[in-house]
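Listing of run.cif; format and content: mmCIF, C-alpha atoms.
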```cif
data_my_file
loop_
_atom_site.label_atom_id
_atom_site.label_comp_id
_atom_site.auth_asym_id
_atom_site.auth_seq_id
_atom_site.Cartn_x
_atom_site.Cartn_y
_atom_site.Cartn_z
CA LEU A 1 1.79 6.57 18.33
CA PHE A 2 2.68 7.52 14.78
CA ALA A 3 -0.19 8.25 12.40
CA THR A 4 0.09 6.54 9.03
CA GLY A 5 -2.01 6.46 5.92
CA VAL A 6 -3.55 3.17 4.86
CA VAL A 7 -3.25 1.60 1.42
CA VAL A 8 -4.18 -1.65 -0.28
CA VAL A 9 -1.32 -2.80 -2.49
CA THR A 10 -2.46 -5.04 -5.33
CA ALA A 11 -0.82 -7.12 -8.04
CA THR A 12 -1.70 -9.99 -10.34
CA THR A 13 -0.13 -13.43 -10.24
CA ASN A 14 1.52 -14.92 -13.33
CA VAL A 15 -1.78 -16.74 -14.05
CA GLY A 16 -3.89 -13.59 -13.72
CA THR A 17 -5.23 -14.02 -10.19
CA PRO A 18 -5.50 -10.74 -8.25
CA VAL A 19 -3.75 -10.43 -4.89
CA GLY A 20 -3.97 -7.58 -2.42
CA MET A 21 -2.88 -6.64 1.08
CA THR A 22 -3.60 -3.77 3.44
CA MET A 23 -0.42 -1.94 4.40
CA ASN A 24 0.62 1.09 6.33
CA SER A 25 4.29 0.49 5.51
CA PHE A 26 4.08 2.72 2.45
CA ASN A 27 6.68 5.47 2.04
CA SER A 28 8.20 7.81 -0.48
CA VAL A 29 11.85 7.01 -1.29
CA SER A 30 12.93 9.31 -4.13
CA LEU A 31 11.56 12.05 -6.37
CA ASP A 32 14.06 11.47 -9.19
CA PRO A 33 13.47 8.76 -10.16
CA PRO A 34 10.03 8.55 -8.51
CA LEU A 35 10.37 5.63 -6.08
CA VAL A 36 8.15 4.38 -3.26
CA LEU A 37 8.35 1.38 -0.96
CA PHE A 38 6.17 -1.06 0.96
CA SER A 39 7.10 -4.11 2.98
CA ILE A 40 5.56 -7.56 3.31
CA ASP A 41 6.00 -10.08 6.11
CA GLN A 42 8.21 -13.04 5.13
CA SER A 43 5.38 -15.42 6.14
CA ALA A 44 2.66 -13.75 4.02
CA LEU A 45 0.82 -16.19 1.78
CA SER A 46 0.98 -13.87 -1.23
CA LEU A 47 4.66 -12.92 -0.88
CA ASP A 48 5.71 -15.02 -3.88
CA ALA A 49 2.95 -13.46 -6.01
CA PHE A 50 4.23 -9.97 -5.16
CA ARG A 51 7.83 -11.00 -5.84
CA SER A 52 6.95 -12.18 -9.36
CA ALA A 53 4.45 -9.40 -10.22
CA GLN A 54 5.02 -7.22 -13.29
CA GLY A 55 3.32 -4.23 -11.67
CA TYR A 56 1.75 -2.96 -8.46
CA ALA A 57 -1.15 -0.66 -7.69
CA ILE A 58 -1.02 1.26 -4.44
CA ASN A 59 -4.62 2.19 -3.68
CA VAL A 60 -4.85 4.96 -1.06
CA LEU A 61 -7.97 4.44 1.04
CA GLY A 62 -10.54 7.07 1.93
CA GLY A 63 -11.85 7.74 5.42
CA ASP A 64 -15.00 5.72 4.73
CA GLN A 65 -13.13 2.58 3.59
CA GLU A 66 -12.30 0.92 6.93
CA GLU A 67 -14.27 -2.21 5.97
CA LEU A 68 -12.22 -2.54 2.79
CA CYS A 69 -9.04 -2.03 4.80
CA LEU A 70 -10.00 -4.80 7.23
CA ARG A 71 -11.03 -7.13 4.40
CA PHE A 72 -7.58 -6.95 2.79
CA ALA A 73 -5.76 -7.11 6.14
CA LYS A 74 -6.38 -10.86 6.54
CA PRO A 75 -6.08 -13.86 4.26
CA GLN A 76 -9.55 -14.85 3.09
CA ALA A 77 -10.93 -16.53 0.02
CA ASP A 78 -13.57 -13.94 -0.88
CA LYS A 79 -11.70 -10.66 -0.33
CA TRP A 80 -12.38 -9.61 -3.96
CA LYS A 81 -16.15 -10.27 -3.78
CA ASN A 82 -18.09 -7.19 -4.95
CA ILE A 83 -14.90 -5.15 -5.36
CA VAL A 84 -14.96 -3.11 -8.57
CA THR A 85 -11.53 -2.78 -10.18
CA ARG A 86 -9.91 -1.78 -13.43
CA PRO A 87 -6.50 -2.93 -14.64
CA GLY A 88 -3.46 -0.82 -13.89
CA GLU A 89 0.23 -1.24 -14.70
CA GLY A 90 1.12 -4.91 -15.23
CA GLY A 91 -2.52 -5.85 -14.65
CA ALA A 92 -2.49 -4.74 -11.00
CA PRO A 93 -6.08 -4.01 -9.90
CA LEU A 94 -6.98 -0.37 -9.28
CA ILE A 95 -9.75 -0.39 -6.68
CA GLU A 96 -12.66 1.90 -7.60
CA ASP A 97 -13.35 4.69 -5.12
CA ALA A 98 -9.83 4.85 -3.71
CA ILE A 99 -8.77 8.45 -3.11
CA ALA A 100 -5.51 8.03 -5.06
CA TYR A 101 -3.61 5.46 -7.12
CA PHE A 102 0.09 4.91 -7.61
CA GLU A 103 0.80 2.58 -10.53
CA CYS A 104 4.26 1.09 -10.18
CA VAL A 105 6.75 -1.37 -11.60
CA PRO A 106 9.33 -3.35 -9.58
CA TRP A 107 12.65 -1.62 -8.91
CA ALA A 108 14.38 -3.69 -6.18
CA THR A 109 13.72 -5.87 -3.15
CA TYR A 110 15.70 -5.99 0.07
CA ASP A 111 15.85 -8.24 3.09
CA GLY A 112 14.29 -6.36 5.98
CA GLY A 113 14.52 -8.90 8.81
CA ASP A 114 11.12 -10.55 9.09
CA HIS A 115 9.87 -8.48 6.11
CA VAL A 116 10.81 -8.03 2.46
CA ILE A 117 11.11 -4.41 1.38
CA PHE A 118 9.76 -3.72 -2.11
CA VAL A 119 11.00 -0.58 -3.83
CA CYS A 120 9.06 0.32 -6.95
CA ARG A 121 9.14 3.02 -9.58
CA VAL A 122 5.99 5.11 -9.94
CA ILE A 123 4.84 5.09 -13.57
CA ARG A 124 1.55 6.92 -13.08
CA PHE A 125 -0.30 8.73 -10.28
CA ASN A 126 -3.98 9.61 -10.31
CA GLN A 127 -6.18 11.23 -7.74
CA GLY A 128 -9.52 9.53 -7.30
CA ARG A 129 -12.12 11.02 -4.98
CA ASP A 130 -11.46 14.41 -3.47
CA ASP A 131 -12.10 13.76 0.22
CA GLY A 132 -10.37 12.63 3.41
CA ALA A 133 -8.02 9.72 4.01
CA LEU A 134 -8.13 6.69 6.28
CA VAL A 135 -5.34 6.84 8.86
CA CYS A 136 -4.18 4.47 11.55
CA PHE A 137 -3.18 5.93 14.92
CA ASN A 138 -2.63 4.15 18.23
CA GLY A 139 -3.95 0.89 16.77
CA ARG A 140 -7.24 2.39 15.58
CA PHE A 141 -8.53 3.68 12.28
CA GLN A 142 -9.75 7.24 11.90
CA ALA A 143 -11.00 9.35 9.03
CA LEU A 144 -8.88 12.39 8.34
CA SER A 145 -10.91 15.06 6.62
CA ARG A 146 -9.53 17.72 4.32
CA ASP A 147 -10.53 20.29 6.96
CA THR A 148 -8.32 18.87 9.75
#
```

Once more with this new file: its structure as structure tokens, please.
Amino acid sequence: LFATGVVVVTATTNVGTPVGMTMNSFNSVSLDPPLVLFSIDQSALSLDAFRSAQGYAINVLGGDQEELCLRFAKPQADKWKNIVTRPGEGGAPLIEDAIAYFECVPWATYDGGDHVIFVCRVIRFNQGRDDGALVCFNGRFQALSRDT
């Protein structure tokens, strides 16, 4: 019963393969230095790729991107099919049509029980489209418009 924004966090493996996961565990940590965090389940298949990444892109999803959110929420071989990206910090994919992008570099990781907490330093922020966000509330996705 707590509304959260939805992001797809992306990175690139050490051999250049893109990885990405839907997350709503994205939070601001500090303004000076600019730090944010996200957390990944210890059993996630791409955990090692995120641990060794040189950079991360936090792609904030728009209200019309529920399908994209669901695609990156599960492990699947073709999650990048027809997804237009451009390289961000450390090669992390910036997903076209996201409403905002945080480009980050690793800062620290912490044991968080059954999750690993990734704290990263924001290097660059850009607003993409100027419309509403995708939010998750009570287990369902909803579009939050700028007028609400």

**Message:** Since I can't run it myself right now, could you work out what the PyMOL selection byres ((chain A and resi 13) around 12) selects here and report it as a ChimeraX atom specification?
**Reply:** /A:10-12,14-20,46-56,90-93

**Request:** Evaluate the PyMOL selection byres ((chain A and resi 62-65) around 12) and record the selected residues as a PyMOL selection string, following the chain and residue labels used in the document.
**Result:** chain A and resi 5-8+22+59-61+66-72+83+95-101+127-136+141-146

Would you export the selected residues with C-alpha atoms as a tab-separated table (two decimals), in the coordinates of the input, please?
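As written to disk, selection.tsv reads:
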```tsv
chain	number	residue	atom	x	y	z
A	5	GLY	CA	-2.01	6.46	5.92
A	6	VAL	CA	-3.55	3.17	4.86
A	7	VAL	CA	-3.25	1.60	1.42
A	8	VAL	CA	-4.18	-1.65	-0.28
A	22	THR	CA	-3.60	-3.77	3.44
A	59	ASN	CA	-4.62	2.19	-3.68
A	60	VAL	CA	-4.85	4.96	-1.06
A	61	LEU	CA	-7.97	4.44	1.04
A	66	GLU	CA	-12.30	0.92	6.93
A	67	GLU	CA	-14.27	-2.21	5.97
A	68	LEU	CA	-12.22	-2.54	2.79
A	69	CYS	CA	-9.04	-2.03	4.80
A	70	LEU	CA	-10.00	-4.80	7.23
A	71	ARG	CA	-11.03	-7.13	4.40
A	72	PHE	CA	-7.58	-6.95	2.79
A	83	ILE	CA	-14.90	-5.15	-5.36
A	95	ILE	CA	-9.75	-0.39	-6.68
A	96	GLU	CA	-12.66	1.90	-7.60
A	97	ASP	CA	-13.35	4.69	-5.12
A	98	ALA	CA	-9.83	4.85	-3.71
A	99	ILE	CA	-8.77	8.45	-3.11
A	100	ALA	CA	-5.51	8.03	-5.06
A	101	TYR	CA	-3.61	5.46	-7.12
A	127	GLN	CA	-6.18	11.23	-7.74
A	128	GLY	CA	-9.52	9.53	-7.30
A	129	ARG	CA	-12.12	11.02	-4.98
A	130	ASP	CA	-11.46	14.41	-3.47
A	131	ASP	CA	-12.10	13.76	0.22
A	132	GLY	CA	-10.37	12.63	3.41
A	133	ALA	CA	-8.02	9.72	4.01
A	134	LEU	CA	-8.13	6.69	6.28
A	135	VAL	CA	-5.34	6.84	8.86
A	136	CYS	CA	-4.18	4.47	11.55
A	141	PHE	CA	-8.53	3.68	12.28
A	142	GLN	CA	-9.75	7.24	11.90
A	143	ALA	CA	-11.00	9.35	9.03
A	144	LEU	CA	-8.88	12.39	8.34
A	145	SER	CA	-10.91	15.06	6.62
A	146	ARG	CA	-9.53	17.72	4.32
```

**Minimum-distance residue to A:Ser28, chosen among A:Leu94, A:Val84, A:Ala3, A:Ile58 (using only C-alpha atoms)** =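 The closest residue to A:Ser28 is A:Ile58.
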
**Item:** Atom-to-atom span, atom CA of A:Lys81 and atom CA of A:Met21, Å
**Value:**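 Between these atoms lies a distance of 14.6 Å.
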
**Request:** For each of A:Asp111, A:Val116, A:Thr85, A:Val122, take the minimum atom-to-atom distance to A:Ser25, counting all atoms listed in the file, then give the residue where this is smallest.
**Result:** A:Val116

**Asked** Could you work out how far atom CA of A:Lys74 lies from atom CA of A:Arg140, giving the answer in Å with one decimal?
**Response**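 Going from atom CA of A:Arg140 over to atom CA of A:Lys74 covers 16.1 Å.
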
**Request:** Find, counting only C-alpha atoms, the residue in A:Asn138, A:Asn82, A:Ser39, A:Asn24 that gets nearest to A:Ala108.
**Result:**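 Nearest candidate to A:Ala108 out of A:Asn138, A:Asn82, A:Ser39, A:Asn24: A:Ser39.
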
**Request:** Using atom CA of A:Gly139 and atom CA of A:Arg121 as the two end points, give the distance in Å to one decimal.
**Result:**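 About the pair atom CA of A:Gly139 and atom CA of A:Arg121: they are 29.5 Å apart.
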
**Asked** Pick the closest to A:Pro33 from A:Ile117, A:Ala73, A:Val9, A:Cys104: which is it, counting all atoms listed in the file?
**Response**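 Ranked by minimum distance to A:Pro33, first place goes to A:Cys104.
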
**Message:** Within 6 Å of (8.6, 1.4, -3.3) (file coordinates; all atoms listed in the file), which protein or nucleic acid residues are there? I'd like them as a PyMOL selection string.
**Reply:** chain A and resi 35-38+118-120

Write the residues of the preceding selection, restricted to C-alpha atoms, as a PDB file, in the frame of the given file.
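Final output, selection_36.pdb:
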```pdb
ATOM      1  CA  LEU A  35      10.370   5.630  -6.080  1.00  0.00           C
ATOM      2  CA  VAL A  36       8.150   4.380  -3.260  1.00  0.00           C
ATOM      3  CA  LEU A  37       8.350   1.380  -0.960  1.00  0.00           C
ATOM      4  CA  PHE A  38       6.170  -1.060   0.960  1.00  0.00           C
ATOM      5  CA  PHE A 118       9.760  -3.720  -2.110  1.00  0.00           C
ATOM      6  CA  VAL A 119      11.000  -0.580  -3.830  1.00  0.00           C
ATOM      7  CA  CYS A 120       9.060   0.320  -6.950  1.00  0.00           C
TER       8      CYS A 120
END
```
